[in-house]
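**Student:** Structure file my_file-v3.txt, compact mmCIF, C-alpha atoms and all ligand atoms, is pasted below:
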```txt
# COMPACT_ATOMS: atom_id res chain seq x y z
CA MET A 1 -200.07 -17.19 -14.38
CA ASN A 2 -198.59 -15.66 -17.55
CA ALA A 3 -196.73 -12.35 -17.75
CA ARG A 4 -199.81 -10.30 -18.82
CA MET A 5 -201.90 -11.66 -15.92
CA ARG A 6 -199.11 -10.84 -13.43
CA PHE A 7 -198.97 -7.23 -14.77
CA VAL A 8 -202.75 -6.74 -14.42
CA ALA A 9 -202.73 -8.28 -10.94
CA GLY A 10 -199.83 -5.93 -9.95
CA ARG A 11 -201.71 -2.81 -11.12
CA SER A 12 -204.84 -3.75 -9.27
CA SER A 13 -203.03 -4.24 -5.98
CA GLY A 14 -202.71 -0.38 -5.43
CA PHE A 15 -200.69 2.75 -6.33
CA THR A 16 -196.90 2.83 -6.45
CA VAL A 17 -195.01 5.07 -4.03
CA LEU A 18 -194.16 7.46 -6.88
CA GLU A 19 -197.82 7.75 -7.95
CA THR A 20 -198.86 8.38 -4.36
CA VAL A 21 -196.26 11.13 -3.94
CA ILE A 22 -197.33 12.82 -7.20
CA ALA A 23 -201.00 12.61 -6.24
CA LEU A 24 -200.36 14.08 -2.79
CA THR A 25 -198.23 16.87 -4.28
CA ILE A 26 -200.98 17.79 -6.75
CA LEU A 27 -203.60 17.64 -3.98
CA THR A 28 -201.45 19.89 -1.76
CA LEU A 29 -201.00 22.43 -4.57
CA ILE A 30 -204.75 22.46 -5.28
CA LEU A 31 -205.58 22.94 -1.59
CA ALA A 32 -202.97 25.72 -1.26
CA ASN A 33 -204.45 27.54 -4.27
CA VAL A 34 -207.98 27.16 -2.95
CA HIS A 35 -206.82 28.59 0.41
CA MET A 36 -205.04 31.52 -1.29
CA LEU A 37 -208.07 32.29 -3.46
CA SER A 38 -210.35 32.09 -0.43
CA ASN A 39 -208.12 34.47 1.58
CA SER A 40 -207.67 36.97 -1.24
CA GLY A 41 -211.42 36.88 -1.91
CA ALA A 42 -212.16 37.67 1.75
CA ASP A 43 -209.55 40.48 1.70
CA ILE A 44 -211.11 41.98 -1.43
CA ALA A 45 -214.58 41.78 0.15
CA ARG A 46 -213.39 43.49 3.37
CA SER A 47 -211.45 46.11 1.41
CA GLY A 48 -214.51 46.77 -0.77
CA ALA A 49 -216.77 47.11 2.28
CA LEU A 50 -214.36 49.59 3.93
CA ARG A 51 -214.05 51.70 0.78
CA SER A 52 -217.83 51.72 0.38
CA SER A 53 -218.25 52.81 4.01
CA LEU A 54 -215.61 55.55 3.59
CA GLU A 55 -217.23 56.81 0.38
CA ASN A 56 -220.59 56.99 2.18
CA GLU A 57 -219.08 58.96 5.07
CA LEU A 58 -217.32 61.31 2.63
CA GLU A 59 -220.45 61.90 0.53
CA MET A 60 -222.72 62.37 3.55
CA THR A 61 -220.36 64.94 5.09
CA LEU A 62 -220.00 66.81 1.78
CA ASP A 63 -223.81 66.78 1.33
CA ARG A 64 -224.26 68.36 4.77
CA ILE A 65 -221.64 71.03 4.01
CA THR A 66 -223.25 71.71 0.61
CA PHE A 67 -226.80 72.09 1.98
CA ALA A 68 -225.57 74.40 4.74
CA LEU A 69 -223.54 76.68 2.45
CA MET A 70 -226.12 76.77 -0.37
CA ALA A 71 -228.55 78.39 2.10
CA ALA A 72 -225.92 80.81 3.45
CA GLU A 73 -225.90 84.50 2.53
CA ASP A 74 -222.69 85.15 0.60
CA ALA A 75 -222.15 88.49 2.36
CA GLU A 76 -222.33 86.74 5.75
CA ILE A 77 -219.62 84.15 5.05
CA GLU A 78 -216.34 84.36 7.01
CA GLY A 79 -213.27 82.15 6.85
CA PRO A 80 -212.47 81.10 3.26
CA VAL A 81 -210.14 83.41 1.33
CA PRO A 82 -208.66 83.05 -2.19
CA ALA A 83 -205.86 80.48 -2.68
CA PRO A 84 -203.19 79.77 -1.64
CA MET A 85 -204.19 80.10 2.03
CA PRO A 86 -206.70 77.44 3.17
CA SER A 87 -209.22 77.92 5.97
CA THR A 88 -210.13 75.12 8.39
CA PHE A 89 -213.51 76.72 9.10
CA VAL A 90 -216.41 78.59 7.57
CA ARG A 91 -218.86 80.77 9.53
CA PHE A 92 -222.12 81.82 7.98
CA ALA A 93 -225.73 82.84 8.53
CA SER A 94 -228.84 82.06 6.52
CA VAL A 95 -232.04 83.97 5.82
CA LEU A 96 -234.86 82.34 7.76
CA GLY A 97 -237.64 84.59 6.42
CA ARG A 98 -239.24 87.94 7.33
CA ASP A 99 -241.12 89.08 10.38
CA ALA A 100 -244.57 90.75 10.33
CA ALA A 101 -242.95 94.15 9.68
CA GLY A 102 -241.06 92.80 6.67
CA ASN A 103 -237.64 92.73 8.36
CA VAL A 104 -235.25 89.96 7.25
CA LEU A 105 -234.75 87.30 9.93
CA MET A 106 -231.28 85.76 9.96
CA SER A 107 -230.23 82.51 11.61
CA PRO A 108 -227.64 82.54 14.40
CA THR A 109 -224.05 82.37 13.10
CA GLU A 110 -223.29 78.73 12.29
CA GLU A 111 -219.85 77.22 11.88
CA ILE A 112 -218.42 74.18 10.11
CA SER A 113 -214.87 73.47 11.25
CA TRP A 114 -212.09 70.95 11.47
CA ALA A 115 -210.30 70.39 14.80
CA LEU A 116 -207.68 68.00 16.12
CA HIS A 117 -208.80 65.05 18.25
CA ALA A 118 -207.97 65.12 21.94
CA ALA A 119 -204.61 63.36 22.42
CA ASP A 120 -206.05 60.72 24.78
CA GLU A 121 -209.12 59.89 22.71
CA PRO A 122 -209.69 56.10 22.67
CA ALA A 123 -209.78 54.24 19.38
CA PRO A 124 -213.30 53.26 18.28
CA GLY A 125 -214.51 49.73 17.45
CA THR A 126 -212.14 46.83 16.95
CA ALA A 127 -209.06 49.07 16.78
CA GLY A 128 -209.38 49.53 20.53
CA ARG A 129 -208.80 45.82 21.21
CA ASP A 130 -205.81 45.27 18.92
CA PRO A 131 -202.51 46.74 20.22
CA ARG A 132 -201.07 47.16 16.70
CA LYS A 133 -204.22 48.85 15.40
CA GLN A 134 -204.41 50.88 18.59
CA ALA A 135 -200.85 52.17 17.99
CA LEU A 136 -201.65 53.04 14.37
CA TYR A 137 -204.90 54.68 15.41
CA GLN A 138 -203.06 56.74 17.99
CA ARG A 139 -200.76 57.98 15.23
CA ILE A 140 -203.75 58.93 13.09
CA THR A 141 -205.46 60.42 16.14
CA ARG A 142 -202.46 62.60 16.92
CA GLU A 143 -202.38 63.74 13.32
CA GLY A 144 -206.12 63.73 12.69
CA GLY A 145 -209.36 65.25 13.72
CA ARG A 146 -213.05 65.74 13.15
CA VAL A 147 -215.46 67.90 11.23
CA ALA A 148 -218.21 69.44 13.33
CA TRP A 149 -221.16 71.77 12.76
CA THR A 150 -221.92 74.33 15.48
CA GLU A 151 -225.45 75.69 15.58
CA ASP A 152 -224.71 79.00 17.32
CA ALA A 153 -221.01 79.83 17.00
CA ASP A 154 -221.36 83.13 18.88
CA ALA A 155 -222.82 81.50 22.00
CA ALA A 156 -220.77 80.11 24.87
CA ALA A 157 -219.52 76.60 24.11
CA GLU A 158 -221.73 74.97 26.75
CA GLU A 159 -224.82 76.71 25.37
CA SER A 160 -224.25 75.89 21.72
CA ARG A 161 -225.18 72.64 20.01
CA ARG A 162 -222.25 70.97 18.27
CA ILE A 163 -222.63 67.88 16.09
CA THR A 164 -219.73 65.84 14.69
CA TRP A 165 -220.27 65.03 11.02
CA SER A 166 -217.11 62.89 10.65
CA ASN A 167 -214.47 61.92 13.23
CA ALA A 168 -212.00 60.51 10.68
CA VAL A 169 -210.62 63.60 8.94
CA PRO A 170 -206.79 63.59 8.93
CA LEU A 171 -204.32 66.40 9.42
CA ALA A 172 -203.52 66.70 5.72
CA TYR A 173 -205.49 66.52 2.47
CA MET A 174 -204.22 63.55 0.44
CA GLY A 175 -200.75 64.16 -0.97
CA GLU A 176 -200.19 67.34 1.07
CA VAL A 177 -197.26 67.63 3.50
CA GLN A 178 -197.90 69.84 6.50
CA GLY A 179 -195.56 72.58 7.65
CA ASN A 180 -193.43 73.14 4.52
CA ALA A 181 -195.37 76.13 3.08
CA THR A 182 -195.50 74.30 -0.26
CA ASP A 183 -198.41 73.07 -2.40
CA ASP A 184 -197.35 69.41 -2.56
CA ASN A 185 -200.47 68.05 -4.29
CA GLY A 186 -201.00 70.73 -6.93
CA ASN A 187 -204.41 72.08 -5.84
CA ASP A 188 -203.11 75.66 -5.31
CA LEU A 189 -203.51 75.50 -1.50
CA LEU A 190 -200.55 75.43 0.91
CA ASP A 191 -200.49 72.86 3.74
CA GLU A 192 -204.26 72.31 3.75
CA SER A 193 -205.76 69.95 6.33
CA GLY A 194 -208.23 67.09 5.73
CA LEU A 195 -211.00 69.70 5.60
CA ALA A 196 -210.13 72.95 3.86
CA PHE A 197 -212.14 75.87 2.45
CA ALA A 198 -211.09 78.51 -0.08
CA ARG A 199 -212.96 81.27 -1.91
CA ASP A 200 -212.94 81.53 -5.70
CA GLY A 201 -215.03 84.55 -6.73
CA GLY A 202 -218.66 83.81 -5.81
CA GLN A 203 -217.93 80.17 -4.99
CA ILE A 204 -216.63 78.35 -1.93
CA GLN A 205 -214.25 75.46 -2.64
CA VAL A 206 -214.36 72.53 -0.22
CA PHE A 207 -211.64 69.86 0.07
CA LEU A 208 -212.37 66.83 2.25
CA THR A 209 -210.47 63.64 3.13
CA VAL A 210 -211.87 60.79 5.26
CA GLU A 211 -209.38 58.17 6.46
CA ARG A 212 -209.79 54.98 8.51
CA LEU A 213 -207.73 51.82 9.13
CA ASP A 214 -208.38 48.71 7.06
CA GLU A 215 -208.41 45.14 8.50
CA ARG A 216 -204.59 45.00 8.40
CA GLY A 217 -204.24 48.34 10.17
CA THR A 218 -203.26 50.24 7.02
CA PRO A 219 -204.57 53.83 6.81
CA THR A 220 -207.05 54.04 3.91
CA PRO A 221 -208.09 57.52 2.73
CA VAL A 222 -210.77 58.73 0.29
CA GLN A 223 -211.13 62.35 -0.75
CA ARG A 224 -213.05 64.76 -2.98
CA SER A 225 -213.31 68.47 -3.65
CA LEU A 226 -216.29 70.50 -4.87
CA ARG A 227 -217.54 74.06 -5.34
CA ILE A 228 -220.62 75.56 -3.74
CA ALA A 229 -222.37 78.78 -4.76
CA PRO A 230 -224.00 80.48 -1.73
CA ARG A 231 -227.04 82.77 -2.04
CA ASN A 232 -226.37 86.29 -3.34
CA CA B 301 -202.14 71.68 -1.61
CA CA B 302 -197.38 71.41 2.02
```
Let me see whether you can do it: turn the structure in this file into structure tokens.
Ligand SMILES: [Ca+2]
Ligand SMILES: [Ca+2]
**Tutor:**
Amino acid sequence: MNARMRFVAGRSSGFTVLETVIALTILTLILANVHMLSNSGADIARSGALRSSLENELEMTLDRITFALMAAEDAEIEGPVPAPMPSTFVRFASVLGRDAAGNVLMSPTEEISWALHAADEPAPGTAGRDPRKQALYQRITREGGRVAWTEDADAAAEESRRITWSNAVPLAYMGEVQGNATDDNGNDLLDESGLAFARDGGQIQVFLTVERLDERGTPTPVQRSLRIAPRN
């Protein structure tokens, strides 16, 4: 067997140790990258789903507030005052129509308000089964609350219908620090909570934040403000 034949025979007998190590290293790097891409893709999908869900909750709550206040008589509105003092509630009544004698029929006094959660309220969903998420939720719970609509705010509590529109409204509007009598986020209101109302001439300003925990237990807020013109 000449030298060329020995070389060909040697190559066909298998890979060298060095070639095997290089191949395994490249394979490991490829698999690691695939794993990283797969994980980050799943994280992005979960994060996108949470944000979409939060945006829906925010928009639905703002729609309900808007429809209620658009039908309200401006002269019957209590709660919101001009900046810088925010209100956590608005009380109002709407014209329902006229009776046979032509008298205006008004609705009972309704109320939309923000209130703190009860301190011992259990965490909803998966957060209740994960100690770390439970601890974070408890922090948000202590500092957070809900937005509710009350059908007849003048009636006794047990006789009035109350419906929660969102149970994930935090203590502070995004960027605001509570208790320092300062407008930290530049919206002209001092220490406003996750739901705040203010009056600006013939309009009611509404500021709303909705905040929930993401898959890693990180608080994730969304927020928006708008203006509503009640009936004159
Ligand atoms: Ca502010
Ligand atoms: Ca403040």
**Student:** Kindly compile the residues surrounding ligand CA 302 (chain B) within 12 Å, counting only C-alpha atoms and all ligand atoms, and format them as a list of chain:residue names.
**Tutor:** A:Pro84, A:Met85, A:Pro86, A:Leu171, A:Ala172, A:Tyr173, A:Met174, A:Gly175, A:Glu176, A:Val177, A:Gln178, A:Gly179, A:Asn180, A:Ala181, A:Thr182, A:Asp183, A:Asp184, A:Asn185, A:Gly186, A:Asn187, A:Asp188, A:Leu189, A:Leu190, A:Asp191, A:Glu192, A:Ser193
**Student:** Can you find the residues with an atom no farther than 10 Å from (-217.8, 74.7, 13.8), counting all atoms listed in the file, and report them as an mmCIF file with C-alpha atoms, in the coordinates of the input?
**Tutor:**
```cif
data_model
loop_
_atom_site.group_PDB
_atom_site.id
_atom_site.type_symbol
_atom_site.label_atom_id
_atom_site.label_comp_id
_atom_site.auth_asym_id
_atom_site.auth_seq_id
_atom_site.Cartn_x
_atom_site.Cartn_y
_atom_site.Cartn_z
ATOM 1 C CA THR A 88 -210.130 75.120 8.390
ATOM 2 C CA PHE A 89 -213.510 76.720 9.100
ATOM 3 C CA VAL A 90 -216.410 78.590 7.570
ATOM 4 C CA ARG A 91 -218.860 80.770 9.530
ATOM 5 C CA THR A 109 -224.050 82.370 13.100
ATOM 6 C CA GLU A 110 -223.290 78.730 12.290
ATOM 7 C CA GLU A 111 -219.850 77.220 11.880
ATOM 8 C CA ILE A 112 -218.420 74.180 10.110
ATOM 9 C CA SER A 113 -214.870 73.470 11.250
ATOM 10 C CA TRP A 114 -212.090 70.950 11.470
ATOM 11 C CA ALA A 115 -210.300 70.390 14.800
ATOM 12 C CA VAL A 147 -215.460 67.900 11.230
ATOM 13 C CA ALA A 148 -218.210 69.440 13.330
ATOM 14 C CA TRP A 149 -221.160 71.770 12.760
ATOM 15 C CA THR A 150 -221.920 74.330 15.480
ATOM 16 C CA GLU A 151 -225.450 75.690 15.580
ATOM 17 C CA ASP A 152 -224.710 79.000 17.320
ATOM 18 C CA ALA A 153 -221.010 79.830 17.000
ATOM 19 C CA ARG A 161 -225.180 72.640 20.010
ATOM 20 C CA ARG A 162 -222.250 70.970 18.270
ATOM 21 C CA ILE A 163 -222.630 67.880 16.090
ATOM 22 C CA THR A 164 -219.730 65.840 14.690
#
```
**Student:** One number please: atom CA of A:Gln203 to atom CA of A:Ala72, in Å, one decimal.
**Tutor:**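 Pair atom CA of A:Gln203 / atom CA of A:Ala72 returns 11.6 Å.
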**Student:** Using all atoms listed in the file, can you tell me which of A:Phe67, A:Arg227, A:Ala83, A:Ile44 comes closest to ligand CA 301 (chain B)?
**Tutor:**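 Among the listed residues, the smallest separation from ligand CA 301 (chain B) belongs to A:Ala83.
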**Student:** Select, counting all atoms listed in the file, all protein, DNA and RNA residues no farther than 12 Å from (-218.4, 56.0, 0.7) in file coordinates, and express the selection as a ChimeraX atom specification.
**Tutor:** /A:48-62,209-212,220-224
**Student:** As an exercise, work out the distance from atom CA of A:Pro108 to atom CA of A:Asn232 in Å and give it to one decimal place.
**Tutor:**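 Atom-to-atom, atom CA of A:Pro108 to atom CA of A:Asn232, that is 18.2 Å.
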**Student:** Find the spatial neighbours of A:Ala229, counting only C-alpha atoms, within a cut-off of 8 Å - ignore same-chain residues fewer than 4 positions away - and output them as an MDAnalysis selection string.
**Tutor:** chainID A and resid 69:70 202:204
**Student:** Mind writing the picked residues with C-alpha atoms as a PDB file, in the frame of the given file?
**Tutor:**
```pdb
ATOM      1  CA  LEU A  69    -223.540  76.680   2.450  1.00  0.00           C
ATOM      2  CA  MET A  70    -226.120  76.770  -0.370  1.00  0.00           C
ATOM      3  CA  GLY A 202    -218.660  83.810  -5.810  1.00  0.00           C
ATOM      4  CA  GLN A 203    -217.930  80.170  -4.990  1.00  0.00           C
ATOM      5  CA  ILE A 204    -216.630  78.350  -1.930  1.00  0.00           C
TER       6      ILE A 204
END
```
**Student:** For stretch 96-100 of chain A, take all atoms listed in the file, fit an axis-aligned box around them, add 6 Å to each of the six sides, then output centre and edge lengths in Å rounded to one decimal, as lines of an AutoDock Vina configuration file.
**Tutor:**
```
center_x = -239.7
center_y = 86.5
center_z = 8.4
size_x = 21.7
size_y = 20.4
size_z = 16.0
```
**Student:** Have a look at A:Ala168, A:Leu27, A:Ala198, A:Ile228 and name the one nearest to ligand CA 301 (chain B); count all atoms listed in the file.
**Tutor:**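 Closest to ligand CA 301 (chain B) of all the choices is A:Ala198.
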**Student:** Enter the distance from atom CA of A:Thr20 to atom CA of A:His35, in Å, rounded to one decimal.
**Tutor:**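 Distance reported for this atom pair: 22.2 Å.
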**Student:** When distances are computed from all atoms listed in the file, which of A:Ala100, A:Leu18, A:Ala196, A:Ala156 shows the smallest separation from ligand CA 301 (chain B)?
**Tutor:**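 Using all atoms listed in the file, ligand CA 301 (chain B) sits closest to A:Ala196.
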**Student:** Could you check which of A:Glu76, A:Thr218, A:Pro230, A:Gly194 is closest to ligand CA 301 (chain B), using all atoms listed in the file?
**Tutor:** A:Gly194
**Student:** Given only C-alpha atoms as the basis, pick out the residue of A:Leu195, A:Val95, A:Leu24, A:Val34 nearest to A:Gly145.
**Tutor:**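 Nearest candidate to A:Gly145 out of A:Leu195, A:Val95, A:Leu24, A:Val34: A:Leu195.
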